[in-house]
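Participant: Have a peek at target.json (JSON, C-alpha atoms).
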[["chain", "number", "residue", "atom", "x", "y", "z"],
["A", 1, "GLN", "CA", 81.89, 0.24, -105.75],
["A", 2, "LEU", "CA", 85.43, 1.51, -105.48],
["A", 3, "ALA", "CA", 88.17, -1.14, -105.80],
["A", 4, "ALA", "CA", 90.41, -1.67, -102.81],
["A", 5, "GLY", "CA", 93.40, -1.20, -105.08],
["A", 6, "GLU", "CA", 96.10, -3.65, -105.97],
["A", 7, "THR", "CA", 99.64, -3.82, -104.64],
["A", 8, "PRO", "CA", 101.86, -1.86, -107.03],
["A", 9, "SER", "CA", 104.50, -3.77, -108.97],
["A", 10, "PRO", "CA", 108.11, -2.80, -108.23],
["A", 11, "GLU", "CA", 108.48, -0.70, -111.36],
["A", 12, "GLU", "CA", 105.22, 1.16, -110.73],
["A", 13, "GLU", "CA", 105.99, 1.62, -107.05],
["A", 14, "GLY", "CA", 108.88, 3.81, -108.12],
["A", 15, "THR", "CA", 106.60, 6.26, -109.90],
["A", 16, "THR", "CA", 106.53, 9.56, -108.02],
["A", 17, "GLU", "CA", 105.05, 13.00, -108.42],
["A", 18, "LYS", "CA", 108.53, 14.26, -109.36],
["A", 19, "GLU", "CA", 108.12, 12.86, -112.86],
["A", 20, "LYS", "CA", 107.80, 15.58, -115.45],
["A", 21, "ALA", "CA", 104.12, 15.88, -116.29],
["A", 22, "PRO", "CA", 102.64, 17.31, -119.47],
["A", 23, "ALA", "CA", 101.03, 20.74, -119.42],
["A", 24, "GLN", "CA", 97.47, 20.50, -118.15],
["A", 25, "PRO", "CA", 94.38, 22.32, -119.44],
["A", 26, "PRO", "CA", 92.79, 25.03, -117.27],
["A", 27, "SER", "CA", 90.71, 23.53, -114.46],
["A", 28, "LYS", "CA", 87.09, 24.60, -114.67],
["A", 29, "GLY", "CA", 85.03, 22.79, -112.05],
["A", 30, "ALA", "CA", 87.81, 21.71, -109.70],
["A", 31, "SER", "CA", 87.90, 22.74, -106.05],
["A", 32, "LEU", "CA", 90.92, 24.39, -104.47],
["A", 33, "ASP", "CA", 91.87, 21.09, -102.83],
["A", 34, "GLU", "CA", 91.72, 19.32, -106.18],
["A", 35, "LYS", "CA", 93.78, 22.02, -107.88],
["A", 36, "GLN", "CA", 96.47, 21.85, -105.20],
["A", 37, "PHE", "CA", 96.52, 18.05, -105.31],
["A", 38, "ALA", "CA", 96.73, 18.10, -109.11],
["A", 39, "GLU", "CA", 99.63, 20.55, -109.03],
["A", 40, "LYS", "CA", 101.48, 18.42, -106.47],
["A", 41, "HIS", "CA", 101.18, 15.25, -108.56],
["A", 42, "GLY", "CA", 101.23, 16.64, -112.09],
["A", 43, "LEU", "CA", 97.59, 15.78, -112.83],
["A", 44, "ASP", "CA", 94.73, 17.37, -114.70],
["A", 45, "ALA", "CA", 92.47, 18.74, -111.96],
["A", 46, "ASN", "CA", 89.45, 18.33, -114.22],
["A", 47, "ILE", "CA", 89.76, 14.55, -113.88],
["A", 48, "LEU", "CA", 89.59, 14.86, -110.09],
["A", 49, "ALA", "CA", 86.48, 17.01, -110.44],
["A", 50, "ALA", "CA", 85.00, 14.49, -112.88],
["A", 51, "PHE", "CA", 85.22, 11.76, -110.22],
["A", 52, "VAL", "CA", 83.04, 13.83, -107.88],
["A", 53, "THR", "CA", 80.57, 14.76, -110.61],
["A", 54, "MET", "CA", 80.15, 11.13, -111.53],
["A", 55, "GLU", "CA", 80.02, 9.67, -108.04],
["A", 56, "SER", "CA", 77.81, 12.16, -106.22],
["A", 57, "GLY", "CA", 77.20, 15.26, -108.31],
["A", 58, "GLY", "CA", 79.22, 17.08, -105.66],
["A", 59, "ARG", "CA", 76.75, 16.29, -102.90],
["A", 60, "GLY", "CA", 78.25, 14.69, -99.83],
["A", 61, "PHE", "CA", 75.13, 14.97, -97.67],
["A", 62, "VAL", "CA", 71.38, 14.70, -98.20],
["A", 63, "SER", "CA", 68.37, 15.47, -96.03],
["A", 64, "SER", "CA", 67.40, 12.64, -93.70],
["A", 65, "ASP", "CA", 63.78, 13.28, -94.74],
["A", 66, "PRO", "CA", 63.46, 13.82, -98.52],
["A", 67, "LYS", "CA", 60.11, 15.55, -97.97],
["A", 68, "ASP", "CA", 61.71, 18.11, -95.66],
["A", 69, "PRO", "CA", 64.80, 19.89, -97.06],
["A", 70, "ASP", "CA", 65.41, 21.41, -93.63],
["A", 71, "SER", "CA", 65.69, 18.05, -91.87],
["A", 72, "PRO", "CA", 69.10, 17.05, -90.45],
["A", 73, "LYS", "CA", 71.68, 16.12, -93.06],
["A", 74, "ARG", "CA", 73.35, 12.75, -93.22],
["A", 75, "MET", "CA", 76.08, 11.40, -95.45],
["A", 76, "LEU", "CA", 75.41, 10.25, -98.98],
["A", 77, "ILE", "CA", 76.11, 6.52, -98.96],
["A", 78, "ARG", "CA", 75.54, 3.47, -101.10],
["A", 79, "PHE", "CA", 75.15, 0.05, -99.54],
["A", 80, "GLU", "CA", 76.58, -2.77, -101.67],
["A", 81, "PRO", "CA", 74.69, -6.01, -100.84],
["A", 82, "HIS", "CA", 77.11, -8.32, -102.65],
["A", 83, "VAL", "CA", 80.11, -6.83, -100.85],
["A", 84, "PHE", "CA", 78.41, -7.34, -97.49],
["A", 85, "VAL", "CA", 77.79, -11.04, -98.24],
["A", 86, "ARG", "CA", 81.42, -11.54, -99.32],
["A", 87, "LEU", "CA", 82.75, -9.94, -96.15],
["A", 88, "TYR", "CA", 80.25, -11.84, -93.99],
["A", 89, "ILE", "CA", 81.48, -15.13, -95.48],
["A", 90, "LYS", "CA", 85.12, -14.02, -95.15],
["A", 91, "GLY", "CA", 84.45, -13.48, -91.45],
["A", 92, "GLY", "CA", 83.54, -17.15, -91.11],
["A", 93, "LYS", "CA", 79.80, -16.60, -90.76],
["A", 94, "ASN", "CA", 76.95, -18.48, -92.43],
["A", 95, "PRO", "CA", 75.49, -16.38, -95.29],
["A", 96, "GLU", "CA", 72.14, -18.10, -94.80],
["A", 97, "ASN", "CA", 71.69, -15.64, -91.91],
["A", 98, "ILE", "CA", 71.39, -12.82, -94.46],
["A", 99, "PRO", "CA", 67.73, -12.55, -95.57],
["A", 100, "TYR", "CA", 68.51, -11.72, -99.19],
["A", 101, "TYR", "CA", 71.36, -14.19, -99.74],
["A", 102, "VAL", "CA", 71.08, -16.26, -102.91],
["A", 103, "PRO", "CA", 73.52, -19.22, -103.13],
["A", 104, "PRO", "CA", 75.12, -20.19, -106.44],
["A", 105, "PRO", "CA", 73.25, -22.88, -108.40],
["A", 106, "ARG", "CA", 74.18, -26.52, -107.78],
["A", 107, "THR", "CA", 72.48, -28.03, -110.82],
["A", 108, "ASP", "CA", 71.45, -27.08, -114.35],
["A", 109, "GLU", "CA", 67.84, -26.94, -113.16],
["A", 110, "GLU", "CA", 68.70, -24.46, -110.40],
["A", 111, "ALA", "CA", 70.69, -22.34, -112.85],
["A", 112, "GLU", "CA", 67.72, -22.21, -115.23],
["A", 113, "GLU", "CA", 65.36, -21.26, -112.41],
["A", 114, "LEU", "CA", 67.67, -18.48, -111.20],
["A", 115, "ALA", "CA", 68.19, -17.23, -114.75],
["A", 116, "GLN", "CA", 64.46, -16.78, -115.16],
["A", 117, "ARG", "CA", 63.99, -15.33, -111.69],
["A", 118, "PHE", "CA", 66.75, -12.72, -111.99],
["A", 119, "LYS", "CA", 66.83, -12.18, -115.77],
["A", 120, "ILE", "CA", 70.44, -13.33, -116.09],
["A", 121, "PRO", "CA", 71.75, -15.35, -119.07],
["A", 122, "VAL", "CA", 71.71, -18.97, -117.99],
["A", 123, "ASN", "CA", 75.23, -19.65, -119.28],
["A", 124, "LYS", "CA", 76.59, -17.08, -116.80],
["A", 125, "LEU", "CA", 74.99, -19.03, -113.97],
["A", 126, "LYS", "CA", 75.87, -22.52, -115.15],
["A", 127, "ILE", "CA", 79.60, -21.76, -114.91],
["A", 128, "LEU", "CA", 79.09, -21.37, -111.14],
["A", 129, "ILE", "CA", 77.90, -24.97, -110.71],
["A", 130, "GLY", "CA", 80.37, -26.97, -108.63],
["A", 131, "MET", "CA", 82.57, -23.94, -108.07],
["A", 132, "PRO", "CA", 83.85, -23.31, -104.51],
["A", 133, "LEU", "CA", 81.81, -20.58, -102.84],
["A", 134, "ARG", "CA", 84.87, -18.38, -102.29],
["A", 135, "ARG", "CA", 85.32, -18.25, -106.09],
["A", 136, "ALA", "CA", 81.66, -18.09, -107.09],
["A", 137, "ILE", "CA", 81.06, -14.94, -105.06],
["A", 138, "ARG", "CA", 83.55, -13.04, -107.23],
["A", 139, "TYR", "CA", 81.41, -13.43, -110.37],
["A", 140, "GLY", "CA", 79.14, -10.70, -111.68],
["A", 141, "ALA", "CA", 76.11, -12.95, -112.09],
["A", 142, "TRP", "CA", 76.23, -13.94, -108.43],
["A", 143, "SER", "CA", 76.69, -10.29, -107.36],
["A", 144, "LYS", "CA", 73.70, -9.20, -109.44],
["A", 145, "MET", "CA", 71.46, -11.73, -107.71],
["A", 146, "GLN", "CA", 72.41, -10.36, -104.30],
["A", 147, "ARG", "CA", 71.75, -6.77, -105.35],
["A", 148, "ILE", "CA", 68.35, -7.57, -106.83],
["A", 149, "ASN", "CA", 67.23, -9.77, -103.95],
["A", 150, "ALA", "CA", 68.29, -7.20, -101.36],
["A", 151, "SER", "CA", 65.63, -4.88, -102.80],
["A", 152, "ARG", "CA", 63.04, -7.60, -103.36],
["A", 153, "THR", "CA", 63.25, -8.75, -99.75],
["A", 154, "GLY", "CA", 63.10, -5.19, -98.42],
["A", 155, "PHE", "CA", 66.57, -5.40, -96.89],
["A", 156, "ARG", "CA", 67.38, -2.35, -99.00],
["A", 157, "ARG", "CA", 64.23, -0.66, -100.26],
["A", 158, "SER", "CA", 63.79, 0.48, -103.83],
["A", 159, "GLY", "CA", 63.31, 4.14, -104.64],
["A", 160, "SER", "CA", 64.32, 6.97, -106.92],
["A", 161, "GLY", "CA", 65.94, 10.39, -106.60],
["A", 162, "ILE", "CA", 66.66, 11.42, -103.03],
["A", 163, "ALA", "CA", 64.83, 8.36, -101.71],
["A", 164, "ARG", "CA", 67.24, 6.10, -103.60],
["A", 165, "LEU", "CA", 70.33, 8.01, -102.49],
["A", 166, "ASN", "CA", 69.22, 8.26, -98.90],
["A", 167, "TYR", "CA", 66.46, 6.03, -97.61],
["A", 168, "ARG", "CA", 67.14, 2.71, -99.31],
["A", 169, "GLU", "CA", 70.89, 2.87, -98.81],
["A", 170, "TRP", "CA", 70.58, 3.77, -95.14],
["A", 171, "ASP", "CA", 67.99, 1.02, -94.70],
["A", 172, "GLY", "CA", 70.50, -1.43, -96.11],
["A", 173, "LEU", "CA", 73.25, -0.19, -93.82],
["A", 174, "ASN", "CA", 71.06, -0.25, -90.71],
["A", 175, "ASN", "CA", 69.86, -3.78, -91.44],
["A", 176, "ALA", "CA", 73.42, -4.94, -92.10],
["A", 177, "LEU", "CA", 74.61, -3.40, -88.82],
["A", 178, "LYS", "CA", 72.30, -5.80, -86.95],
["A", 179, "LEU", "CA", 74.16, -8.75, -88.51],
["A", 180, "ASP", "CA", 77.81, -7.66, -88.60],
["A", 181, "LYS", "CA", 78.86, -4.11, -87.75],
["A", 182, "ASP", "CA", 82.36, -4.31, -89.17],
["A", 183, "ALA", "CA", 81.25, -5.85, -92.48],
["A", 184, "ALA", "CA", 78.38, -3.36, -92.71],
["A", 185, "TYR", "CA", 80.59, -0.28, -92.53],
["A", 186, "LYS", "CA", 83.05, -1.83, -94.97],
["A", 187, "SER", "CA", 80.21, -2.44, -97.44],
["A", 188, "ILE", "CA", 79.16, 1.16, -98.04],
["A", 189, "SER", "CA", 80.68, 3.84, -100.22],
["A", 190, "MET", "CA", 80.77, 7.24, -98.57],
["A", 191, "GLY", "CA", 80.57, 10.93, -99.36],
["A", 192, "THR", "CA", 81.39, 12.98, -102.43],
["A", 193, "GLY", "CA", 84.01, 10.52, -103.71],
["A", 194, "GLN", "CA", 82.04, 7.40, -102.71],
["A", 195, "VAL", "CA", 85.07, 5.65, -101.25],
["A", 196, "MET", "CA", 84.28, 2.18, -99.93],
["A", 197, "GLY", "CA", 84.56, 1.58, -96.20],
["A", 198, "PHE", "CA", 86.93, -1.34, -96.68],
["A", 199, "ASN", "CA", 89.53, 1.25, -97.73],
["A", 200, "TYR", "CA", 89.64, 2.76, -94.25],
["A", 201, "ARG", "CA", 93.33, 2.00, -93.66],
["A", 202, "ARG", "CA", 94.31, 3.71, -96.91],
["A", 203, "LEU", "CA", 92.63, 6.85, -95.61],
["A", 204, "GLY", "CA", 94.39, 6.70, -92.25],
["A", 205, "TYR", "CA", 91.55, 5.41, -90.08],
["A", 206, "SER", "CA", 91.83, 2.61, -87.53],
["A", 207, "SER", "CA", 88.47, 1.06, -88.40],
["A", 208, "PRO", "CA", 85.66, 1.40, -90.96],
["A", 209, "GLU", "CA", 83.41, 2.74, -88.20],
["A", 210, "GLU", "CA", 85.91, 5.51, -87.44],
["A", 211, "MET", "CA", 85.95, 6.41, -91.14],
["A", 212, "PHE", "CA", 82.14, 6.44, -91.20],
["A", 213, "ASN", "CA", 81.88, 8.70, -88.16],
["A", 214, "ALA", "CA", 84.49, 11.10, -89.52],
["A", 215, "LEU", "CA", 82.82, 11.48, -92.92],
["A", 216, "ASN", "CA", 79.25, 11.50, -91.60],
["A", 217, "ASP", "CA", 79.85, 14.87, -89.96],
["A", 218, "TYR", "CA", 78.08, 17.87, -91.46],
["A", 219, "SER", "CA", 80.43, 20.34, -89.83],
["A", 220, "ASP", "CA", 83.03, 22.21, -91.89],
["A", 221, "GLU", "CA", 85.64, 19.74, -90.63],
["A", 222, "GLY", "CA", 83.57, 16.73, -91.67],
["A", 223, "ARG", "CA", 82.88, 18.10, -95.12],
["A", 224, "GLN", "CA", 86.58, 18.78, -95.57],
["A", 225, "LYS", "CA", 87.36, 15.18, -94.59],
["A", 226, "GLN", "CA", 84.97, 14.00, -97.29],
["A", 227, "LYS", "CA", 86.83, 16.06, -99.89],
["A", 228, "GLN", "CA", 90.15, 14.67, -98.73],
["A", 229, "ALA", "CA", 88.96, 11.04, -98.67],
["A", 230, "LYS", "CA", 88.94, 10.70, -102.45],
["A", 231, "LEU", "CA", 92.33, 12.40, -102.76],
["A", 232, "LYS", "CA", 93.91, 10.21, -100.07],
["A", 233, "PHE", "CA", 92.54, 7.13, -101.80],
["A", 234, "ILE", "CA", 94.08, 8.19, -105.09],
["A", 235, "GLU", "CA", 97.37, 9.19, -103.46],
["A", 236, "SER", "CA", 97.69, 5.78, -101.83],
["A", 237, "SER", "CA", 97.97, 4.10, -105.24],
["A", 238, "PRO", "CA", 101.01, 4.93, -107.41],
["A", 239, "ARG", "CA", 99.42, 2.98, -110.25],
["A", 240, "LEU", "CA", 96.22, 5.00, -110.08],
["A", 241, "LEU", "CA", 98.17, 8.26, -109.95],
["A", 242, "LYS", "CA", 100.09, 7.24, -113.06],
["A", 243, "ALA", "CA", 96.93, 6.20, -114.89],
["A", 244, "ILE", "CA", 95.31, 9.57, -114.12],
["A", 245, "ARG", "CA", 98.45, 11.44, -115.15],
["A", 246, "ASP", "CA", 98.56, 9.55, -118.46],
["A", 247, "LYS", "CA", 94.78, 9.71, -118.99],
["A", 248, "GLN", "CA", 94.55, 5.92, -119.32],
["A", 249, "TRP", "CA", 90.80, 5.88, -118.87],
["A", 250, "GLU", "CA", 90.12, 2.16, -118.79],
["A", 251, "ARG", "CA", 92.94, 1.62, -116.30],
["A", 252, "ILE", "CA", 91.62, 4.48, -114.18],
["A", 253, "GLY", "CA", 88.23, 2.80, -114.11],
["A", 254, "LYS", "CA", 89.70, -0.54, -113.12],
["A", 255, "LEU", "CA", 91.84, 0.88, -110.31],
["A", 256, "TYR", "CA", 89.33, 3.38, -108.90],
["A", 257, "ASN", "CA", 86.09, 1.49, -109.34],
["A", 258, "GLY", "CA", 87.00, -2.02, -110.43],
["A", 259, "SER", "CA", 85.32, -1.50, -113.80],
["A", 260, "VAL", "CA", 86.69, -0.68, -117.25],
["A", 261, "ALA", "CA", 83.25, 0.70, -118.18],
["A", 262, "TYR", "CA", 83.56, 3.20, -115.33],
["A", 263, "GLY", "CA", 86.68, 4.65, -116.92],
["A", 264, "LYS", "CA", 84.92, 5.11, -120.25],
["A", 265, "LYS", "CA", 82.06, 6.95, -118.55],
["A", 266, "LEU", "CA", 84.54, 9.08, -116.62],
["A", 267, "GLU", "CA", 86.21, 10.09, -119.88],
["A", 268, "LYS", "CA", 82.87, 11.33, -121.24],
["A", 269, "VAL", "CA", 82.25, 13.37, -118.09],
["A", 270, "TYR", "CA", 85.76, 14.80, -118.32],
["A", 271, "ASN", "CA", 85.36, 15.70, -121.99],
["A", 272, "SER", "CA", 82.11, 17.53, -121.24],
["A", 273, "MET", "CA", 83.86, 19.52, -118.51],
["A", 274, "VAL", "CA", 86.79, 20.66, -120.63],
["A", 275, "ALA", "CA", 84.81, 21.30, -123.83]]
Would you kindly transcribe this structure into structure tokens?

Facilitator:
Amino acid sequence: QLAAGETPSPEEEGTTEKEKAPAQPPSKGASLDEKQFAEKHGLDANILAAFVTMESGGRGFVSSDPKDPDSPKRMLIRFEPHVFVRLYIKGGKNPENIPYYVPPPRTDEEAEELAQRFKIPVNKLKILIGMPLRRAIRYGAWSKMQRINASRTGFRRSGSGIARLNYREWDGLNNALKLDKDAAYKSISMGTGQVMGFNYRRLGYSSPEEMFNALNDYSDEGRQKQKQAKLKFIESSPRLLKAIRDKQWERIGKLYNGSVAYGKKLEKVYNSMVA
């Protein structure tokens, strides 16, 4: 999922697009919007195009019925089960109300049982024992259990291809909406850039639902808003802009997606585009 972005430090806050940027290679797969944005901020437009290639393959909408390509289109989304649980807890609600919720282990025996059940190294689960819930839910092992169990319980169905991109993610969203509408919309990534709903303010929306409705619009206006969503997200972070300008791939991954590995994958996509 895309990271919400950190508050820039004072020295990074002062970074602006007026800095002299190095000459950029010709943009090959970039859209006009991406080229204009890149020129404004002194970026390589191919990196902006690489984000879209990696996140959605350039597809912002898919058929609502994968067996019928002429069926109405709806937005490409991804429901993140672990994010939904975190936000549900943050809202003061009992996570036991969520059918797929798996609590952190309380004993060595529970850790060993969960390790076997979810194929997670037991040492990664034992460190959660005795840890306050608000801390435990930030760990990757806990997040993995939520993602796996969401599919096992049918909260978000398993699938492949179009079914995975469309049916199971929309199932997850629709089930989450029955529990907590605000947390549900915040817990999905949306459109070509797969920007998380909890970033709605950074994109200029008053609520995650407003962001969802704006981007889930197959009109020319809606598709344009999807294209702009990724660019607005990037523009809202001086640190991310600087990392993209300097081609600091691991930092890009951390700031855009919350993962260093993401940045390394993005670099490979970029290199294939400019080769």

Participant: Could you check the closest approach to Met211 in chain A for each of A:Ala176, A:Leu241, A:Met75, A:Ala136 and tell me which residue wins, using only C-alpha atoms?

Facilitator: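 Closest candidate: A:Met75.
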
Participant: Give me, as a PyMOL selection string, all polymer residues having an atom no more than 8 Å from Tyr218 in chain A, counting all atoms listed in the file and skipping those fewer than 3 positions away in the same chain.

Facilitator: chain A and resi 61+73-75+221-223

Participant: Which value, in Å to one decimal, gives the distance between CA of Leu125 in chain A and CA of Arg138 in chain A?

Facilitator: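 It comes out at 12.4 Å.
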
Participant: For Lys268 in chain A, find every residue with an atom within 12 Å (counting all atoms listed in the file), except residues of its own chain fewer than 3 positions away, and show them as an MDAnalysis selection string.

Facilitator: chainID A and resid 46:47 50:51 53:54 249:250 261:265 271:275

Participant: Restrict the selected residues to C-alpha atoms and save them as an mmCIF file, keeping the file's coordinate frame.

Facilitator:
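What follows is the written file part.cif:
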data_model
loop_
_atom_site.group_PDB
_atom_site.id
_atom_site.type_symbol
_atom_site.label_atom_id
_atom_site.label_comp_id
_atom_site.auth_asym_id
_atom_site.auth_seq_id
_atom_site.Cartn_x
_atom_site.Cartn_y
_atom_site.Cartn_z
ATOM 1 C CA ASN A 46 89.450 18.330 -114.220
ATOM 2 C CA ILE A 47 89.760 14.550 -113.880
ATOM 3 C CA ALA A 50 85.000 14.490 -112.880
ATOM 4 C CA PHE A 51 85.220 11.760 -110.220
ATOM 5 C CA THR A 53 80.570 14.760 -110.610
ATOM 6 C CA MET A 54 80.150 11.130 -111.530
ATOM 7 C CA TRP A 249 90.800 5.880 -118.870
ATOM 8 C CA GLU A 250 90.120 2.160 -118.790
ATOM 9 C CA ALA A 261 83.250 0.700 -118.180
ATOM 10 C CA TYR A 262 83.560 3.200 -115.330
ATOM 11 C CA GLY A 263 86.680 4.650 -116.920
ATOM 12 C CA LYS A 264 84.920 5.110 -120.250
ATOM 13 C CA LYS A 265 82.060 6.950 -118.550
ATOM 14 C CA ASN A 271 85.360 15.700 -121.990
ATOM 15 C CA SER A 272 82.110 17.530 -121.240
ATOM 16 C CA MET A 273 83.860 19.520 -118.510
ATOM 17 C CA VAL A 274 86.790 20.660 -120.630
ATOM 18 C CA ALA A 275 84.810 21.300 -123.830
#

Participant: Could you tell me how far CA of Asn216 in chain A lies from CA of Asp65 in chain A, in Å and to one decimal?

Facilitator: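 Pair CA of Asn216 in chain A / CA of Asp65 in chain A returns 15.9 Å.
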
Participant: Which residue gives the smallest distance to Gly258 in chain A among A:Asp171, A:Gly140, A:Lys90, A:Tyr100, with all atoms listed in the file counted?

Facilitator: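 Counting all atoms listed in the file, the residue closest to Gly258 in chain A is A:Gly140.
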
Participant: For a quick check of understanding, using only C-alpha atoms, which of A:Ile137, A:Leu231, A:Ala183, A:Ile244 has the smallest distance to Glu34 in chain A?

Facilitator: A:Leu231

Participant: Quick one: distance from CA of Phe198 in chain A to CA of Arg59 in chain A in Å, one decimal?

Facilitator: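 Here the two named atoms are 21.3 Å from each other.
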
Participant: Point out the residue among A:Arg135, A:Glu235, A:Trp170, A:Lys242 with the least atom-to-atom distance to Phe37 in chain A, counting all atoms listed in the file.

Facilitator: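 Among the listed residues, A:Glu235 lies closest to Phe37 in chain A.
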
Participant: Extract, using only C-alpha atoms, all DNA, RNA and protein residues at most 9 Å from Lys225 in chain A, discarding same-chain residues fewer than 6 positions from it, and format them as a compact mmCIF listing (two decimals) with C-alpha atoms, in the coordinates of the input.

Facilitator:
# COMPACT_ATOMS: atom_id res chain seq x y z
CA ALA A 214 84.49 11.10 -89.52
CA LEU A 215 82.82 11.48 -92.92
CA ASP A 217 79.85 14.87 -89.96

Participant: Skipping near chain neighbours, those fewer than 2 positions away, what residues fall within 8 Å of range 201-209 of chain A using only C-alpha atoms, listed as a list in words?

Facilitator: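 Once the adjacent positions are removed, what remains is Asp182, Tyr185, Lys186, Gly197, Phe198, Asn199, Met211, Phe212, Asn213, Ala229, Lys232, Phe233 and Ser236 of chain A.
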
Participant: How would the residues just picked look written out with C-alpha atoms as a PDB file, keeping the file's coordinate frame?

Facilitator:
ATOM      1  CA  ASP A 182      82.360  -4.310 -89.170  1.00  0.00           C
ATOM      2  CA  TYR A 185      80.590  -0.280 -92.530  1.00  0.00           C
ATOM      3  CA  LYS A 186      83.050  -1.830 -94.970  1.00  0.00           C
ATOM      4  CA  GLY A 197      84.560   1.580 -96.200  1.00  0.00           C
ATOM      5  CA  PHE A 198      86.930  -1.340 -96.680  1.00  0.00           C
ATOM      6  CA  ASN A 199      89.530   1.250 -97.730  1.00  0.00           C
ATOM      7  CA  MET A 211      85.950   6.410 -91.140  1.00  0.00           C
ATOM      8  CA  PHE A 212      82.140   6.440 -91.200  1.00  0.00           C
ATOM      9  CA  ASN A 213      81.880   8.700 -88.160  1.00  0.00           C
ATOM     10  CA  ALA A 229      88.960  11.040 -98.670  1.00  0.00           C
ATOM     11  CA  LYS A 232      93.910  10.210-100.070  1.00  0.00           C
ATOM     12  CA  PHE A 233      92.540   7.130-101.800  1.00  0.00           C
ATOM     13  CA  SER A 236      97.690   5.780-101.830  1.00  0.00           C
TER      14      SER A 236
END

Participant: Find the spatial neighbours of range 116-124 of chain A, counting only C-alpha atoms, within a cut-off of 12 Å - ignore same-chain residues fewer than 5 positions away - and output them as a VMD selection string.

Facilitator: chain A and resid 102 104 to 105 107 to 111 129 136 139 to 149 152

Participant: Can I get the selected residues back with C-alpha atoms, as a short mmCIF file (atom, residue, chain, number, x, y, z; two decimals), in the coordinates of the input?

Facilitator:
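The file below, out.cif, is the result:
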data_model
loop_
_atom_site.label_atom_id
_atom_site.label_comp_id
_atom_site.auth_asym_id
_atom_site.auth_seq_id
_atom_site.Cartn_x
_atom_site.Cartn_y
_atom_site.Cartn_z
CA VAL A 102 71.08 -16.26 -102.91
CA PRO A 104 75.12 -20.19 -106.44
CA PRO A 105 73.25 -22.88 -108.40
CA THR A 107 72.48 -28.03 -110.82
CA ASP A 108 71.45 -27.08 -114.35
CA GLU A 109 67.84 -26.94 -113.16
CA GLU A 110 68.70 -24.46 -110.40
CA ALA A 111 70.69 -22.34 -112.85
CA ILE A 129 77.90 -24.97 -110.71
CA ALA A 136 81.66 -18.09 -107.09
CA TYR A 139 81.41 -13.43 -110.37
CA GLY A 140 79.14 -10.70 -111.68
CA ALA A 141 76.11 -12.95 -112.09
CA TRP A 142 76.23 -13.94 -108.43
CA SER A 143 76.69 -10.29 -107.36
CA LYS A 144 73.70 -9.20 -109.44
CA MET A 145 71.46 -11.73 -107.71
CA GLN A 146 72.41 -10.36 -104.30
CA ARG A 147 71.75 -6.77 -105.35
CA ILE A 148 68.35 -7.57 -106.83
CA ASN A 149 67.23 -9.77 -103.95
CA ARG A 152 63.04 -7.60 -103.36
#
